[in-house]
Amino acid sequence: MKPLPEALRASIGARVDLIDTPALVVDLDAMERNIQRMAEFARKHRVRWRPHAKMHKSAELALLMQQAGAQGVCVQKVAEAEALAAGGVNDIYISNQVVAGPKLLRTARLAAQLAARGGRLAIAVDSPEGIERLAEAMVLAGGEASIDVFVEIDVGQGRCGVPPGEAAVPLAQAIARHAPRLRFAGLQAYHGRAQHLPGMAERREAIAGVVRAAADTRQRIEAAGIPVPLITGSGTGTLVHEAASGVYGELQAGSFLFMDADYARNEREPAQPQFEHALFVKTQVISVCDTHAVCDAGHKSHAIDSGLPVVALLPPDRALRYANGGDEHGLLHAESPKTRLPALGRMLWLIPGHCDPTVNLHDHLIGVRGGLALGTVERIIRVDARGALT
């Protein structure tokens with residue numbers, strides 16, 4: 001692990017206004033309230049929560065949530081799993097398809113590594129060939145380790161997964177034939193697009209269909225004589241519905257930790273915990289003219305796939321709109337003719353449109369305690385799995 005850059009080490013204990021820009025900053029107080037609210041929600045509904053670490057990519061944050069009651073992590077890539085395992089995370093689920101031989105061998109070796117220290121590794125599958133390749137890799141890796149395997153069903157995402165219902169039965173049977181190397185762990189049933197439907201009624205209707213599909217699939221597999229230990233899925237946008245369904249036993253919500261501008265645009269469910277924005281890009285005004293100001297946070301500091309960032313923490317009479325300024329610059333426009341543009345050198349805070357790919361642009365997160373106005377830098381959080389694409 002590379003040592004922290006000297007400038008970052010030196011910033012610990014410094015006032016928040018001295019953080020250099022652009023920088024990705026975590027409001028630790030808000031983040032910890034989000035964790036507490038998620039833990040309380042899961043306990044209330046008697047479901048496990050397995051936060052998706054592809055969002056924060058940090059072993060430190062994964063372990064922090066485990067201390068609060070989280071059941072390990074989800075990841076999407078083998079390299080993410082390896083990076084978090086190296087940071088001390090012992091319960092990891094690769095909720096994605098892996099079919100390449102070298103990746104599967106890495107997966108099998110990681111399963112053995114985690115088992116040796118009392119941990120576990122799980123993975124999703126959606127094809128007979130994928131199951132056979134996984135079983136072969138487990139044999140090639142040697143040893144006696146086993147791996148938990150979830151059958152992924154496509155409940156509306158339109159991405160990976162077999163159709164719900166009868167198509168999942170032969171996959172569960174194929175996994176069972178490879179016991180004890182492979183253990184059938186249940187169903188992966190995640191509807192990602194439903195997380196971002198703006199209206200409560202839309203989300204409720206979408207997840208009602210998901211729950212029916214997952215329950216029917218479980219019934220068919222159990223009718224074939226194979227118990228279904230767990231149905232896992234859900235996300236920050238719909239977790240109230242999966243948690244109340246009586247069908248899901250585990251929630252994979254991850255964005256609740258930081259939230260982002262895209263989630264903030266959605267109509268909030270009354271039963272959803274009041275998650276706060278905890279991730280911000282700190283930026284500085286570097287140029288001002290009659291029509292706009294320019295800040296130093298362009299697309300290299302935040303992702304724009306879910307829209308441009310929102311300028312936060314300004315009073316209504318000072319509201320600004322962020323516009324596309326390219327890789328290194330953001331354009332700031334007054335929201336009304338009476339709004340004054342910020343002065344040269346002014347520090348501002350942006351809420352990213354999409355937290356996951358924004359974090360992946362940074363090596364470190366700067367953790368601030370005491371608020372973004374008067375707080376101080378408490379710690380530097382490594383983004384261990386940044387660029388872990390394989």
# chains A, B, ... in the order shown; residues from 1 in each chain; ligands from 1
$ residues_around --residues "Ala312 (chain A)" --least-positions-apart "4" --cutoff "9 Å" --atoms "only C-alpha atoms" --output "ChimeraX atom specification"
/A:280,319-320,348-351
$ closest_atom_pairs --of "region 41-143 of chain A" --to "region 245-264 of chain A" --cutoff "7 Å" --atoms "only C-alpha atoms" --output "CSV"
residue,atom,partner,partner_atom,distance
A:Val47,CA,A:Gly249,CA,5.1
A:Arg48,CA,A:Glu250,CA,4.5
A:Trp49,CA,A:Leu251,CA,4.7
A:Arg50,CA,A:Gln252,CA,4.9
A:Pro51,CA,A:Gly254,CA,4.6
A:His52,CA,A:Gly254,CA,4.5
A:Ala53,CA,A:Gly254,CA,6.7
A:Met55,CA,A:Gly254,CA,6.3
$ write_last_selection --atoms "N, CA and C atoms" --output "short mmCIF file (atom, residue, chain, number, x, y, z; two decimals), in the first residue's frame"
data_model
loop_
_atom_site.label_atom_id
_atom_site.label_comp_id
_atom_site.auth_asym_id
_atom_site.auth_seq_id
_atom_site.Cartn_x
_atom_site.Cartn_y
_atom_site.Cartn_z
N VAL A 47 -34.06 -7.73 8.39
CA VAL A 47 -33.36 -8.14 7.17
C VAL A 47 -31.87 -7.82 7.33
N ARG A 48 -31.05 -8.56 6.62
CA ARG A 48 -29.62 -8.24 6.59
C ARG A 48 -29.39 -7.11 5.61
N TRP A 49 -28.30 -6.37 5.82
CA TRP A 49 -27.91 -5.39 4.80
C TRP A 49 -26.47 -5.63 4.42
N ARG A 50 -26.27 -5.72 3.13
CA ARG A 50 -24.95 -5.98 2.55
C ARG A 50 -24.65 -4.82 1.60
N PRO A 51 -24.06 -3.75 2.10
CA PRO A 51 -23.89 -2.54 1.28
C PRO A 51 -23.01 -2.80 0.07
N HIS A 52 -23.36 -2.17 -1.03
CA HIS A 52 -22.58 -2.32 -2.26
C HIS A 52 -21.33 -1.44 -2.19
N ALA A 53 -20.18 -2.09 -2.13
CA ALA A 53 -18.91 -1.37 -2.00
C ALA A 53 -18.40 -0.82 -3.31
N MET A 55 -19.68 1.43 -4.67
CA MET A 55 -19.94 2.86 -4.52
C MET A 55 -18.75 3.57 -3.88
#
$ residues_around --residues "Ala115 (chain A)" --least-positions-apart "4" --cutoff "9 Å" --atoms "only C-alpha atoms" --output "MDAnalysis selection string"
chainID A and resid 90 110:111 119:121 145:146
$ select_by_dssp --residues "region 41-113 of chain A" --states "alpha helix (DSSP H)" --output "count of residues only"
36
$ atom_distance --atom1 "CA of Arg265 (chain A)" --atom2 "CA of Leu361 (chain A)"
23.1 Å
$ closest_residue --among "A:Ala373, A:Ala39, A:Ala85, A:Val311" --to "Met65 (chain A)" --atoms "only C-alpha atoms"
A:Ala39
$ residues_around --residues "Val155 (chain A)" --least-positions-apart "6" --cutoff "8 Å" --atoms "only C-alpha atoms" --output "PyMOL selection string"
chain A and resi 163-164+189-191+209-210+213-214
$ write_last_selection --atoms "N, CA and C atoms" --output "mmCIF file, in the first residue's frame"
data_model
loop_
_atom_site.group_PDB
_atom_site.id
_atom_site.type_symbol
_atom_site.label_atom_id
_atom_site.label_comp_id
_atom_site.auth_asym_id
_atom_site.auth_seq_id
_atom_site.Cartn_x
_atom_site.Cartn_y
_atom_site.Cartn_z
ATOM 1 N N PRO A 163 -34.529 -15.469 -17.120
ATOM 2 C CA PRO A 163 -35.904 -15.058 -16.799
ATOM 3 C C PRO A 163 -36.361 -15.682 -15.482
ATOM 4 N N PRO A 164 -37.160 -14.977 -14.700
ATOM 5 C CA PRO A 164 -37.676 -15.563 -13.454
ATOM 6 C C PRO A 164 -38.520 -16.799 -13.754
ATOM 7 N N ALA A 189 -31.714 -10.950 -7.133
ATOM 8 C CA ALA A 189 -32.864 -10.348 -7.815
ATOM 9 C C ALA A 189 -32.817 -8.840 -7.602
ATOM 10 N N TYR A 190 -32.132 -8.158 -8.484
ATOM 11 C CA TYR A 190 -31.892 -6.718 -8.334
ATOM 12 C C TYR A 190 -32.439 -5.966 -9.544
ATOM 13 N N HIS A 191 -33.261 -4.962 -9.276
ATOM 14 C CA HIS A 191 -33.826 -4.124 -10.338
ATOM 15 C C HIS A 191 -33.196 -2.739 -10.208
ATOM 16 N N GLY A 209 -43.857 -6.164 -8.832
ATOM 17 C CA GLY A 209 -43.609 -7.189 -9.845
ATOM 18 C C GLY A 209 -42.350 -7.974 -9.571
ATOM 19 N N VAL A 210 -41.321 -7.302 -9.085
ATOM 20 C CA VAL A 210 -40.062 -7.967 -8.739
ATOM 21 C C VAL A 210 -40.295 -9.003 -7.641
ATOM 22 N N ALA A 213 -42.043 -12.062 -8.902
ATOM 23 C CA ALA A 213 -41.161 -12.898 -9.721
ATOM 24 C C ALA A 213 -40.176 -13.675 -8.859
ATOM 25 N N ALA A 214 -39.618 -13.010 -7.848
ATOM 26 C CA ALA A 214 -38.649 -13.673 -6.972
ATOM 27 C C ALA A 214 -39.324 -14.778 -6.158
#
$ residues_around --residues "Ala343 (chain A)" --least-positions-apart "5" --cutoff "9 Å" --atoms "only C-alpha atoms" --output "number ranges by chain"
A: 285-288, 293
$ write_last_selection --atoms "N, CA and C atoms" --output "mmCIF file, in the first residue's frame"
data_model
loop_
_atom_site.group_PDB
_atom_site.id
_atom_site.type_symbol
_atom_site.label_atom_id
_atom_site.label_comp_id
_atom_site.auth_asym_id
_atom_site.auth_seq_id
_atom_site.Cartn_x
_atom_site.Cartn_y
_atom_site.Cartn_z
ATOM 1 N N VAL A 285 -13.681 29.207 -7.032
ATOM 2 C CA VAL A 285 -13.904 30.095 -8.170
ATOM 3 C C VAL A 285 -12.558 30.649 -8.622
ATOM 4 N N ILE A 286 -12.241 30.419 -9.904
ATOM 5 C CA ILE A 286 -10.935 30.845 -10.422
ATOM 6 C C ILE A 286 -11.027 31.944 -11.471
ATOM 7 N N SER A 287 -12.260 32.264 -11.890
ATOM 8 C CA SER A 287 -12.444 33.333 -12.868
ATOM 9 C C SER A 287 -13.884 33.836 -12.785
ATOM 10 N N VAL A 288 -14.055 35.140 -12.982
ATOM 11 C CA VAL A 288 -15.399 35.733 -12.940
ATOM 12 C C VAL A 288 -15.523 36.750 -14.066
ATOM 13 N N ALA A 293 -19.353 32.727 -13.534
ATOM 14 C CA ALA A 293 -18.092 32.457 -12.851
ATOM 15 C C ALA A 293 -17.599 31.079 -13.284
#
$ residues_around --residues "Glu267 (chain A)" --least-positions-apart "4" --cutoff "6 Å" --atoms "only C-alpha atoms" --output "list in words"
Pro198, Gly199 and Met200 of chain A
$ residues_around --residues "Gln284 (chain A)" --least-positions-apart "3" --cutoff "9 Å" --atoms "only C-alpha atoms" --output "PyMOL selection string"
chain A and resi 20-22+294-297+344-349
$ closest_residue --among "A:Asn324, A:Thr390, A:Thr358, A:Gln274" --to "Asn34 (chain A)" --atoms "only C-alpha atoms"
A:Gln274
$ closest_residue --among "A:Ala59, A:Val89, A:Leu134, A:Ile19" --to "Gly118 (chain A)" --atoms "only C-alpha atoms"
A:Val89
$ closest_residue --among "A:Val359, A:Leu313, A:Ala334, A:Ile381" --to "His292 (chain A)" --atoms "only C-alpha atoms"
A:Ala334
$ closest_residue --among "A:His364, A:Lys300, A:Arg318, A:His178" --to "Ile147 (chain A)" --atoms "only C-alpha atoms"
A:His178
$ closest_residue --among "A:Thr217, A:Gly298, A:Gly158, A:Thr232" --to "Tyr93 (chain A)" --atoms "only C-alpha atoms"
A:Thr232
